[in-house]
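Colleague: There's a structure below that I have some questions on.
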Amino acid sequence: MSTIIRVGMAEYKAAKSPATLITLGLGSCVGVVLYDRMNKIGGLAHIMLPDSTLSSNKNFNPGKFADTAIDALIEDMLKLGINRSNLVSKIAGGAQMFKIKSENNIMQIGKRNVEAVRAKLNQLNIKLIAEDVEGNYGRTIEFFCETGELTIKTIGHGVRII
């Protein structure tokens with residue numbers, strides 16, 4: 001029987017098979033899944049913002065930002081026994097939930113989150129093998145450590161498995 005592990009906003013968690021990692025309500029946030037197929041170890045980060053260097057918060061939370069959450073998640077996964085060279089990734093989310101009249105990039109937080117996640121994965125040489133990003137609708141995702149499947153549930157856009 002699979003253990004269900006919930007990952008909240010600005011959190012990241014790692015688990016071994018047969019665990020299932022779930023995060024709810026991805027709007028402009030991006031869910032980043034890292035997976036070691038050989039060892040059946042997965043990790044999920046619910047990223048809110050693209051860049052930690054813009055934060056002046058004294059109570060810094062690495063799970064909140066694309067540039068720090070992925071590194072922190074890898075550290076937790078290493079403790080479970082991953083081989084870093086086996087890691088692949090899948091991402092979902094990064095929607096533009098509200099119509100904005102400005103083309104100002106600062107207002108397009110979902111798109112900026114997706115771009116920051118892609119850049120970080122590229123920097124770390126982690127292959128992005130599947131994605132379901134952007135659009136104007138929210139997502140709930142479930143990642144199955146046993147199979148490596150990511151189920152994406154939406155309202156009005158059905159269910160997708162990547």
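By order in the structure tokens, chains are A, B, ...; within a chain, residues start at 1; ligands start at 1, following the order shown.
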For the interface of range 42-132 of chain A with range 31-37 of chain A (cut-off 12 Å, counting only C-alpha atoms), please tabulate each contacting residue of range 42-132 of chain A alongside its nearest pair of atoms and their separation in Å to one decimal, rows sorted by chain and increasing number, as CSV.
Modeller:
residue,atom,partner,partner_atom,distance
A:Gly42,CA,A:Tyr35,CA,4.4
A:Gly43,CA,A:Leu34,CA,5.1
A:Leu44,CA,A:Val33,CA,4.6
A:Ala45,CA,A:Val32,CA,5.1
A:His46,CA,A:Gly31,CA,4.7
A:Ile47,CA,A:Gly31,CA,6.2
A:Met48,CA,A:Gly31,CA,9.0
A:Leu49,CA,A:Gly31,CA,11.4
A:Gly63,CA,A:Val32,CA,11.0
A:Lys64,CA,A:Gly31,CA,11.2
A:Phe65,CA,A:Val32,CA,11.3
A:Ala66,CA,A:Val32,CA,9.0
A:Asp67,CA,A:Val32,CA,11.8
A:Ala69,CA,A:Val32,CA,9.2
A:Ile70,CA,A:Val32,CA,7.9
A:Asp71,CA,A:Leu34,CA,10.9
A:Ala72,CA,A:Leu34,CA,11.7
A:Leu73,CA,A:Leu34,CA,8.3
A:Ile74,CA,A:Leu34,CA,8.0
A:Glu75,CA,A:Leu34,CA,11.6
A:Asp76,CA,A:Leu34,CA,11.3
A:Met77,CA,A:Leu34,CA,8.9
A:Leu78,CA,A:Asp36,CA,10.3
A:Leu80,CA,A:Asp36,CA,10.6
A:Gly81,CA,A:Asp36,CA,9.3
A:Ile82,CA,A:Asp36,CA,6.1
A:Asn83,CA,A:Asp36,CA,7.0
A:Arg84,CA,A:Asp36,CA,7.7
A:Ser85,CA,A:Asp36,CA,8.5
A:Asn86,CA,A:Asp36,CA,5.2
A:Leu87,CA,A:Asp36,CA,4.8
A:Val88,CA,A:Tyr35,CA,5.4
A:Ser89,CA,A:Leu34,CA,4.6
A:Lys90,CA,A:Val33,CA,5.1
A:Ile91,CA,A:Val32,CA,4.7
A:Ala92,CA,A:Gly31,CA,5.2
A:Gly93,CA,A:Gly31,CA,6.2
A:Gly94,CA,A:Gly31,CA,8.4
A:Ala95,CA,A:Gly31,CA,11.3
A:Gly110,CA,A:Gly31,CA,11.2
A:Asn113,CA,A:Gly31,CA,10.0
A:Val114,CA,A:Gly31,CA,9.5
A:Ala116,CA,A:Val32,CA,11.4
A:Val117,CA,A:Val32,CA,7.8
A:Arg118,CA,A:Val32,CA,9.8
A:Lys120,CA,A:Val32,CA,11.0
A:Leu121,CA,A:Val32,CA,9.7
A:Leu124,CA,A:Leu34,CA,11.8
A:Ile126,CA,A:Leu34,CA,8.6
A:Lys127,CA,A:Leu34,CA,9.6
A:Leu128,CA,A:Leu34,CA,9.2
A:Ile129,CA,A:Leu34,CA,10.3
A:Ala130,CA,A:Val33,CA,10.0
A:Glu131,CA,A:Val32,CA,9.4
A:Asp132,CA,A:Gly31,CA,9.9
Colleague: Could you find all residues in range 41-136 of chain A that DSSP calls strand (DSSP E) from the backbone, and write them as a ChimeraX atom specification?
Modeller: /A:41-47,87-93,127-133
Colleague: Keeping only C-alpha atoms, write the selected residues as a CSV table (one decimal), in the first residue's frame.
Modeller:
chain,number,residue,atom,x,y,z
A,41,ILE,CA,13.2,7.6,-5.3
A,42,GLY,CA,11.2,10.7,-6.0
A,43,GLY,CA,11.0,14.3,-4.8
A,44,LEU,CA,8.4,17.1,-5.2
A,45,ALA,CA,8.8,20.8,-4.7
A,46,HIS,CA,5.9,23.3,-4.7
A,47,ILE,CA,7.7,26.5,-5.9
A,87,LEU,CA,17.8,12.1,-12.1
A,88,VAL,CA,15.2,13.2,-14.5
A,89,SER,CA,12.5,15.8,-14.0
A,90,LYS,CA,8.8,16.6,-14.8
A,91,ILE,CA,7.1,19.9,-14.1
A,92,ALA,CA,3.5,21.2,-14.0
A,93,GLY,CA,1.9,24.5,-13.2
A,127,LYS,CA,16.9,16.3,-18.1
A,128,LEU,CA,13.3,17.7,-18.3
A,129,ILE,CA,11.4,14.7,-19.8
A,130,ALA,CA,7.8,16.0,-19.5
A,131,GLU,CA,5.8,19.1,-18.7
A,132,ASP,CA,2.3,20.5,-18.5
A,133,VAL,CA,2.8,24.2,-17.9
Colleague: Please determine, counting only C-alpha atoms, which residue among A:Thr147, A:Asn122, A:Thr154, A:Gln96 has the shortest atom-to-atom distance to Lys16 in chain A.
Modeller: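 Closest to Lys16 in chain A of all the choices is A:Thr147.
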Colleague: Residues of chain A in alpha helix (DSSP H) according to DSSP, as a ChimeraX atom specification?
Modeller: /A:66-80,109-123
